[in-house]
Amino acid sequence: MVVWPSAQEDRTIDGTTAAHDATGTMPPRAIGRAHVAVRLRDADAAGQSPSVLSDLHQSGSMRVLFPRPAAPPTAMLLNTAGGITGGDRFDISLEVGKGAHLTVTTQAAERAYAAMPGPAGRLSTAISVAEGGAVRWLPQETILFDNSDLNRRLDVELDGDNSSALIVEPLVFGRHAHGEILTDARLRDRIRINRNGRAIFADGIDLAGNVTEQLRHPARGGGAGAMATVVLAHPSAEAQLTPLRLLGDEILGSGAQIRVGTSLLAPDLLVLRCLADDSFNLRRVLLPVLDHLTNGALPICWRL
Amino acid sequence: MTPGTDPALVLAQWFSPGFPIGAFAYSHGLEWLIESGDLATAQDLQDWIEVLLRDGTGKNDAIFVASAYDAETEDQMQMLDDLCRAYCSGLGRRVETVEQGGAFARTLRDMGAAEVPDMCYPVAVGRAARLAGLPLGLTIRFYLHAFAANLISAAVRRVPLGQVEGQRVLAALAPVIEGLSRAVPDLDLPDLGTTSFAAEIAGMAHETLYSKTFRT
């Protein structure tokens, strides 16, 4: 079992107040917030109107980096607490203006560490995209450690019929290369995508207890140690069904321990779900799929 | 419905294989599993359906039945119908719930039994049960039982599994159905969630089968 950091260690950074309960037994909590907004700049002499940062807030253990002046802007989230444990609270909000584009990733894999009994660690991400805008939410893996307790949600609000979102949420159920298994862990994960205020995609994952054992079941994971969901909500998502299925077939043909399903739920909604024995094989699917869906603009951290 | 009719008789009719919702056409991804050689025995089938009931479509659909039963306004019904579609993991699931729900509602309307609009299957069932004054717990038990029975029937048609074996599996799943129907009243929309990931992928993969007996 991995226990990191020690429950006694004060992990709050930058003056964030550590929260203790009345008995003083509650471990310190990490709290972090980030808000990123982009909008289209007025057209320059050449008629170009690039997406530019219009608002940025960050506090506590959440930092936003812009690794290089990229067009469209690419924000890289960094959890300076090094992970999420019980009682931690992270809130991310992203706002994409009319016609603007934003790509968001994480600098490293997120880690859900062992939690003391008590409230779950919470990570909430809210994304709003105005008409014609596009967001790419491409965090790296979230790795669950034994005894972790994570409550996570992702809400995407798309305005108008021409806004779009590309979403990926990769999960790793213990680092198999390190011999880690999840004998007792909790994950409550919710994804909701609305268009014009109406739900178009929703997904919920509820894992609790001996996750590794549960995922051995053929209907659950067939022994998988990693999983990812990719969602493309885009007016022309339909055109990507055949290319993604071909990519999937290529990888399956390689004999890797991977299951992948791709489905077009509506002409503007494509979903891919993948189970793999470990995060390495999961990336063998995600890299070509995301590379394809971003036209080769997958953030560089994904390639390291 | 004729006032005073025994609710069990009404539900037995709604959820009998003869009620024309076309359930026989859907295998919920089972056909793909059978084609792949991953489902061969009665125990495989029972384990698979148990996960679908506890942590998959069964649990989520039961929550939708209960939520639709409790819904008070047209807006709430519309929200539930949207959400039920949104929770479908693939096109196959969406076809199953939309087509069966539409056929169920049309049949009730044409019978003059209940004025239920075309909605996803569990939402239409919850609404119809409320309009007909049927008890929710019993409705959920019949719904889940029909779900399991339909999958077993699909499997018996495709694998060398005897009719009696199939019925044994259904009987063995009764406690799961009972337990779930008792738990569902304490669950709500925020509890919609699954762990039947591989079954969801099987449903998606079924779309790519060249030759199929079932639509899903």
# chains A, B, ... in the order shown; residues from 1 in each chain; ligands from 1
>>> closest_atom_pairs(of="chain B", to="chain A", cutoff="7 Å", atoms="only C-alpha atoms", output="CSV")
residue,atom,partner,partner_atom,distance
B:Trp48,CA,A:Ala219,CA,5.6
B:Val51,CA,A:Ala219,CA,6.6
B:Asp82,CA,A:Ala199,CA,5.7
B:Leu83,CA,A:Ala199,CA,5.7
B:Ala86,CA,A:Phe201,CA,4.1
B:Tyr87,CA,A:Ala202,CA,4.7
B:Gly90,CA,A:Ser263,CA,5.3
B:Leu91,CA,A:Leu265,CA,4.6
B:Leu192,CA,A:Gly204,CA,6.1
B:Gly193,CA,A:Gly204,CA,3.8
B:Thr194,CA,A:Ile205,CA,5.2
B:Thr195,CA,A:Arg220,CA,5.7
B:Ser196,CA,A:Arg220,CA,4.3
B:Phe197,CA,A:Arg220,CA,5.0
B:Ala198,CA,A:Ala219,CA,4.9
B:Ala199,CA,A:Ala219,CA,4.8
B:Ile201,CA,A:Gly261,CA,4.8
B:Met204,CA,A:Gly261,CA,5.1
B:Ala205,CA,A:Gly261,CA,5.4
>>> write_last_selection(atoms="N, CA and C atoms", output="tab-separated table (two decimals), in the first residue's frame")
chain	number	residue	atom	x	y	z
B	48	TRP	N	-22.79	-12.26	-15.75
B	48	TRP	CA	-22.85	-11.10	-16.65
B	48	TRP	C	-24.11	-10.28	-16.36
B	51	VAL	N	-24.13	-8.36	-13.00
B	51	VAL	CA	-23.43	-7.07	-13.03
B	51	VAL	C	-24.28	-6.01	-13.73
B	82	ASP	N	-34.28	13.33	-21.64
B	82	ASP	CA	-32.96	13.75	-22.15
B	82	ASP	C	-31.85	13.01	-21.42
B	83	LEU	N	-31.97	12.95	-20.09
B	83	LEU	CA	-30.90	12.37	-19.29
B	83	LEU	C	-30.76	10.87	-19.56
B	86	ALA	N	-28.93	10.54	-22.64
B	86	ALA	CA	-27.54	10.97	-22.44
B	86	ALA	C	-26.72	9.90	-21.73
B	87	TYR	N	-27.36	9.11	-20.87
B	87	TYR	CA	-26.64	8.08	-20.13
B	87	TYR	C	-26.39	6.82	-20.95
B	90	GLY	N	-23.73	3.86	-25.70
B	90	GLY	CA	-23.48	3.69	-27.12
B	90	GLY	C	-24.79	3.76	-27.88
B	91	LEU	N	-24.67	3.74	-29.22
B	91	LEU	CA	-25.86	3.86	-30.06
B	91	LEU	C	-26.84	2.70	-29.82
B	192	LEU	N	-26.88	7.84	-10.53
B	192	LEU	CA	-26.77	7.17	-11.83
B	192	LEU	C	-25.30	6.93	-12.12
B	193	GLY	N	-24.92	5.67	-12.15
B	193	GLY	CA	-23.52	5.36	-12.42
B	193	GLY	C	-23.38	3.86	-12.56
B	194	THR	N	-22.32	3.44	-13.23
B	194	THR	CA	-22.15	2.02	-13.53
B	194	THR	C	-20.71	1.58	-13.27
B	195	THR	N	-20.51	0.28	-13.29
B	195	THR	CA	-19.15	-0.26	-13.38
B	195	THR	C	-19.11	-1.35	-14.45
B	196	SER	N	-20.14	-1.39	-15.29
B	196	SER	CA	-20.22	-2.45	-16.31
B	196	SER	C	-19.52	-2.00	-17.60
B	197	PHE	N	-18.27	-1.57	-17.43
B	197	PHE	CA	-17.55	-0.96	-18.56
B	197	PHE	C	-17.37	-1.92	-19.73
B	198	ALA	N	-16.97	-3.15	-19.43
B	198	ALA	CA	-16.73	-4.10	-20.52
B	198	ALA	C	-18.03	-4.45	-21.25
B	199	ALA	N	-19.13	-4.50	-20.49
B	199	ALA	CA	-20.43	-4.77	-21.13
B	199	ALA	C	-20.81	-3.60	-22.03
B	201	ILE	N	-18.68	-1.68	-23.62
B	201	ILE	CA	-17.84	-1.80	-24.81
B	201	ILE	C	-18.39	-2.92	-25.72
B	204	MET	N	-21.04	-1.52	-27.79
B	204	MET	CA	-20.51	-0.69	-28.88
B	204	MET	C	-19.92	-1.57	-29.97
B	205	ALA	N	-19.21	-2.61	-29.55
B	205	ALA	CA	-18.55	-3.49	-30.52
B	205	ALA	C	-19.59	-4.24	-31.36
>>> select_by_dssp(residues="segment 3-216 of chain B", states="alpha helix (DSSP H)", output="ChimeraX atom specification")
/B:7-14,30-35,42-55,57-70,74-86,91-111,121-131,136-158,163-183,197-206
>>> write_last_selection(atoms="C-alpha atoms", output="CSV table (one decimal), in the first residue's frame")
chain,number,residue,atom,x,y,z
B,7,PRO,CA,-51.7,-4.3,-10.3
B,8,ALA,CA,-49.8,-7.6,-10.6
B,9,LEU,CA,-52.0,-8.5,-13.6
B,10,VAL,CA,-51.5,-5.2,-15.3
B,11,LEU,CA,-47.7,-5.4,-14.8
B,12,ALA,CA,-47.7,-9.1,-15.9
B,13,GLN,CA,-49.3,-7.9,-19.2
B,14,TRP,CA,-47.0,-4.9,-19.7
B,30,LEU,CA,-24.6,-10.3,-25.4
B,31,GLU,CA,-24.5,-11.4,-29.1
B,32,TRP,CA,-21.1,-9.8,-29.5
B,33,LEU,CA,-19.9,-11.5,-26.4
B,34,ILE,CA,-21.2,-14.9,-27.6
B,35,GLU,CA,-19.6,-14.4,-31.0
B,42,ALA,CA,-25.0,-20.7,-17.6
B,43,GLN,CA,-22.7,-19.4,-14.9
B,44,ASP,CA,-21.1,-16.9,-17.3
B,45,LEU,CA,-24.5,-15.7,-18.3
B,46,GLN,CA,-25.7,-15.3,-14.7
B,47,ASP,CA,-22.6,-13.4,-13.7
B,48,TRP,CA,-22.8,-11.1,-16.6
B,49,ILE,CA,-26.5,-10.3,-16.1
B,50,GLU,CA,-26.0,-9.8,-12.3
B,51,VAL,CA,-23.4,-7.1,-13.0
B,52,LEU,CA,-25.8,-5.4,-15.5
B,53,LEU,CA,-28.5,-5.5,-12.9
B,54,ARG,CA,-26.5,-4.3,-9.9
B,55,ASP,CA,-24.0,-1.9,-11.5
B,57,THR,CA,-28.3,-0.6,-17.1
B,58,GLY,CA,-30.6,-2.4,-14.5
B,59,LYS,CA,-29.7,-0.1,-11.7
B,60,ASN,CA,-29.7,3.1,-13.8
B,61,ASP,CA,-33.0,2.1,-15.5
B,62,ALA,CA,-34.6,1.4,-12.1
B,63,ILE,CA,-33.6,4.9,-11.0
B,64,PHE,CA,-35.2,6.3,-14.1
B,65,VAL,CA,-38.4,4.4,-13.5
B,66,ALA,CA,-38.6,5.7,-10.0
B,67,SER,CA,-37.7,9.3,-11.0
B,68,ALA,CA,-40.3,9.3,-13.8
B,69,TYR,CA,-42.9,7.9,-11.3
B,70,ASP,CA,-42.2,10.8,-9.0
B,74,GLU,CA,-43.7,18.1,-18.2
B,75,ASP,CA,-40.4,19.8,-17.8
B,76,GLN,CA,-39.2,17.2,-15.3
B,77,MET,CA,-40.3,14.4,-17.7
B,78,GLN,CA,-38.4,16.1,-20.6
B,79,MET,CA,-35.3,16.4,-18.4
B,80,LEU,CA,-35.5,12.8,-17.5
B,81,ASP,CA,-36.0,11.7,-21.1
B,82,ASP,CA,-33.0,13.7,-22.1
B,83,LEU,CA,-30.9,12.4,-19.3
B,84,CYS,CA,-31.9,8.8,-20.0
B,85,ARG,CA,-30.7,9.2,-23.6
B,86,ALA,CA,-27.5,11.0,-22.4
B,91,LEU,CA,-25.9,3.9,-30.1
B,92,GLY,CA,-27.2,0.3,-29.4
B,93,ARG,CA,-28.3,1.2,-25.9
B,94,ARG,CA,-29.9,4.4,-27.2
B,95,VAL,CA,-31.8,2.5,-29.9
B,96,GLU,CA,-33.0,-0.1,-27.3
B,97,THR,CA,-34.4,2.5,-24.9
B,98,VAL,CA,-35.8,4.9,-27.5
B,99,GLU,CA,-37.5,2.2,-29.7
B,100,GLN,CA,-38.8,0.1,-26.8
B,101,GLY,CA,-40.0,3.2,-25.0
B,102,GLY,CA,-41.8,4.5,-28.1
B,103,ALA,CA,-43.5,1.1,-28.8
B,104,PHE,CA,-44.5,0.7,-25.1
B,105,ALA,CA,-46.1,4.2,-25.0
B,106,ARG,CA,-47.8,3.8,-28.4
B,107,THR,CA,-49.3,0.4,-27.3
B,108,LEU,CA,-50.7,1.9,-24.1
B,109,ARG,CA,-52.1,4.9,-26.0
B,110,ASP,CA,-53.7,2.7,-28.7
B,111,MET,CA,-55.2,0.4,-26.0
B,121,TYR,CA,-38.3,3.0,-22.0
B,122,PRO,CA,-37.8,3.3,-18.2
B,123,VAL,CA,-39.1,6.9,-18.3
B,124,ALA,CA,-42.2,5.8,-20.1
B,125,VAL,CA,-42.7,2.9,-17.8
B,126,GLY,CA,-42.4,5.1,-14.7
B,127,ARG,CA,-44.9,7.6,-16.1
B,128,ALA,CA,-47.4,4.9,-17.1
B,129,ALA,CA,-47.2,3.2,-13.7
B,130,ARG,CA,-47.9,6.5,-12.0
B,131,LEU,CA,-50.8,7.3,-14.3
B,136,LEU,CA,-43.6,1.6,-7.7
B,137,GLY,CA,-41.7,-1.2,-6.0
B,138,LEU,CA,-43.6,-3.9,-7.9
B,139,THR,CA,-43.2,-2.0,-11.2
B,140,ILE,CA,-39.4,-2.0,-10.7
B,141,ARG,CA,-39.4,-5.7,-9.9
B,142,PHE,CA,-41.3,-6.5,-13.1
B,143,TYR,CA,-39.2,-4.2,-15.1
B,144,LEU,CA,-35.9,-5.7,-14.0
B,145,HIS,CA,-37.3,-9.2,-14.2
B,146,ALA,CA,-38.3,-8.6,-17.9
B,147,PHE,CA,-34.9,-7.1,-18.6
B,148,ALA,CA,-33.1,-10.2,-17.2
B,149,ALA,CA,-35.6,-12.6,-18.8
B,150,ASN,CA,-35.1,-11.0,-22.2
B,151,LEU,CA,-31.3,-11.3,-22.0
B,152,ILE,CA,-31.6,-14.9,-21.0
B,153,SER,CA,-33.9,-15.7,-23.8
B,154,ALA,CA,-31.4,-14.0,-26.2
B,155,ALA,CA,-28.6,-16.1,-24.9
B,156,VAL,CA,-30.6,-19.4,-25.0
B,157,ARG,CA,-31.2,-18.7,-28.7
B,158,ARG,CA,-27.5,-18.2,-29.4
B,163,GLN,CA,-34.3,-23.7,-21.8
B,164,VAL,CA,-34.2,-25.1,-18.3
B,165,GLU,CA,-30.7,-23.8,-17.6
B,166,GLY,CA,-31.9,-20.4,-18.7
B,167,GLN,CA,-34.9,-20.6,-16.3
B,168,ARG,CA,-32.5,-21.6,-13.5
B,169,VAL,CA,-30.4,-18.5,-14.2
B,170,LEU,CA,-33.5,-16.3,-14.0
B,171,ALA,CA,-34.6,-17.9,-10.7
B,172,ALA,CA,-31.1,-17.4,-9.3
B,173,LEU,CA,-31.2,-13.7,-10.2
B,174,ALA,CA,-34.5,-13.2,-8.3
B,175,PRO,CA,-32.8,-12.2,-5.1
B,176,VAL,CA,-30.7,-9.6,-7.0
B,177,ILE,CA,-33.8,-8.1,-8.5
B,178,GLU,CA,-35.5,-8.0,-5.1
B,179,GLY,CA,-32.5,-6.4,-3.4
B,180,LEU,CA,-32.2,-3.8,-6.1
B,181,SER,CA,-35.9,-2.9,-6.1
B,182,ARG,CA,-35.7,-2.4,-2.3
B,183,ALA,CA,-32.6,-0.2,-2.7
B,197,PHE,CA,-17.5,-1.0,-18.6
B,198,ALA,CA,-16.7,-4.1,-20.5
B,199,ALA,CA,-20.4,-4.8,-21.1
B,200,GLU,CA,-20.8,-1.2,-22.5
B,201,ILE,CA,-17.8,-1.8,-24.8
B,202,ALA,CA,-19.5,-5.1,-25.9
B,203,GLY,CA,-22.6,-3.1,-26.8
B,204,MET,CA,-20.5,-0.7,-28.9
B,205,ALA,CA,-18.6,-3.5,-30.5
B,206,HIS,CA,-21.8,-5.2,-31.5
>>> residues_around(residues="segment 82-87 of chain A", least_positions_apart="3", cutoff="6 Å", atoms="only C-alpha atoms", output="PyMOL selection string")
chain A and resi 29+79+110-113+115+119-121
>>> write_last_selection(atoms="N, CA and C atoms", output="PDB file, in the first residue's frame")
ATOM      1  N   ARG A  29      -5.971  20.021   4.681  1.00  0.00           N
ATOM      2  CA  ARG A  29      -6.555  19.852   3.364  1.00  0.00           C
ATOM      3  C   ARG A  29      -5.858  20.760   2.371  1.00  0.00           C
ATOM      4  N   ASN A  79      -1.080  20.671 -10.067  1.00  0.00           N
ATOM      5  CA  ASN A  79      -1.494  20.531  -8.673  1.00  0.00           C
ATOM      6  C   ASN A  79      -0.226  20.532  -7.830  1.00  0.00           C
ATOM      7  N   GLU A 110      -2.504  13.016 -12.476  1.00  0.00           N
ATOM      8  CA  GLU A 110      -3.074  13.345 -11.157  1.00  0.00           C
ATOM      9  C   GLU A 110      -3.048  12.078 -10.315  1.00  0.00           C
ATOM     10  N   ARG A 111      -2.836  12.249  -9.008  1.00  0.00           N
ATOM     11  CA  ARG A 111      -2.754  11.073  -8.140  1.00  0.00           C
ATOM     12  C   ARG A 111      -3.770  11.190  -7.031  1.00  0.00           C
ATOM     13  N   ALA A 112      -4.621  10.201  -6.921  1.00  0.00           N
ATOM     14  CA  ALA A 112      -5.548  10.144  -5.786  1.00  0.00           C
ATOM     15  C   ALA A 112      -4.899   9.239  -4.749  1.00  0.00           C
ATOM     16  N   TYR A 113      -4.410   9.863  -3.664  1.00  0.00           N
ATOM     17  CA  TYR A 113      -3.661   9.131  -2.647  1.00  0.00           C
ATOM     18  C   TYR A 113      -4.560   8.617  -1.544  1.00  0.00           C
ATOM     19  N   ALA A 115      -6.590   8.094   1.581  1.00  0.00           N
ATOM     20  CA  ALA A 115      -7.306   9.098   2.358  1.00  0.00           C
ATOM     21  C   ALA A 115      -7.597   8.556   3.746  1.00  0.00           C
ATOM     22  N   PRO A 119     -14.263  12.938   4.754  1.00  0.00           N
ATOM     23  CA  PRO A 119     -14.798  13.328   3.450  1.00  0.00           C
ATOM     24  C   PRO A 119     -13.842  12.956   2.314  1.00  0.00           C
ATOM     25  N   ALA A 120     -14.419  12.668   1.157  1.00  0.00           N
ATOM     26  CA  ALA A 120     -13.628  12.341  -0.028  1.00  0.00           C
ATOM     27  C   ALA A 120     -12.885  13.579  -0.511  1.00  0.00           C
ATOM     28  N   GLY A 121     -11.823  13.370  -1.266  1.00  0.00           N
ATOM     29  CA  GLY A 121     -11.211  14.468  -1.994  1.00  0.00           C
ATOM     30  C   GLY A 121     -12.121  14.833  -3.148  1.00  0.00           C
TER      31      GLY A 121
END
>>> atom_distance(atom1="atom CA of Phe90 of chain A", atom2="atom CA of Ser59 of chain A")
9.9 Å
>>> select_by_dssp(residues="segment 78-295 of chain A", states="strand (DSSP E)", output="ChimeraX atom specification")
/A:78-79,89-96,101-106,110-112,121-129,134-138,142-144,149-158,164-173,185-195,198-209,226-233,258-266,269-276
>>> residues_around(residues="Trp302 of chain A", least_positions_apart="2", cutoff="9 Å", atoms="only C-alpha atoms", output="PyMOL selection string")
chain A and resi 105+107-108+138-140+287+298-300+304
>>> residues_around(residues="segment 156-167 of chain A", least_positions_apart="3", cutoff="7 Å", atoms="only C-alpha atoms", output="number ranges by chain")
A: 126-138, 192-196, 230-235
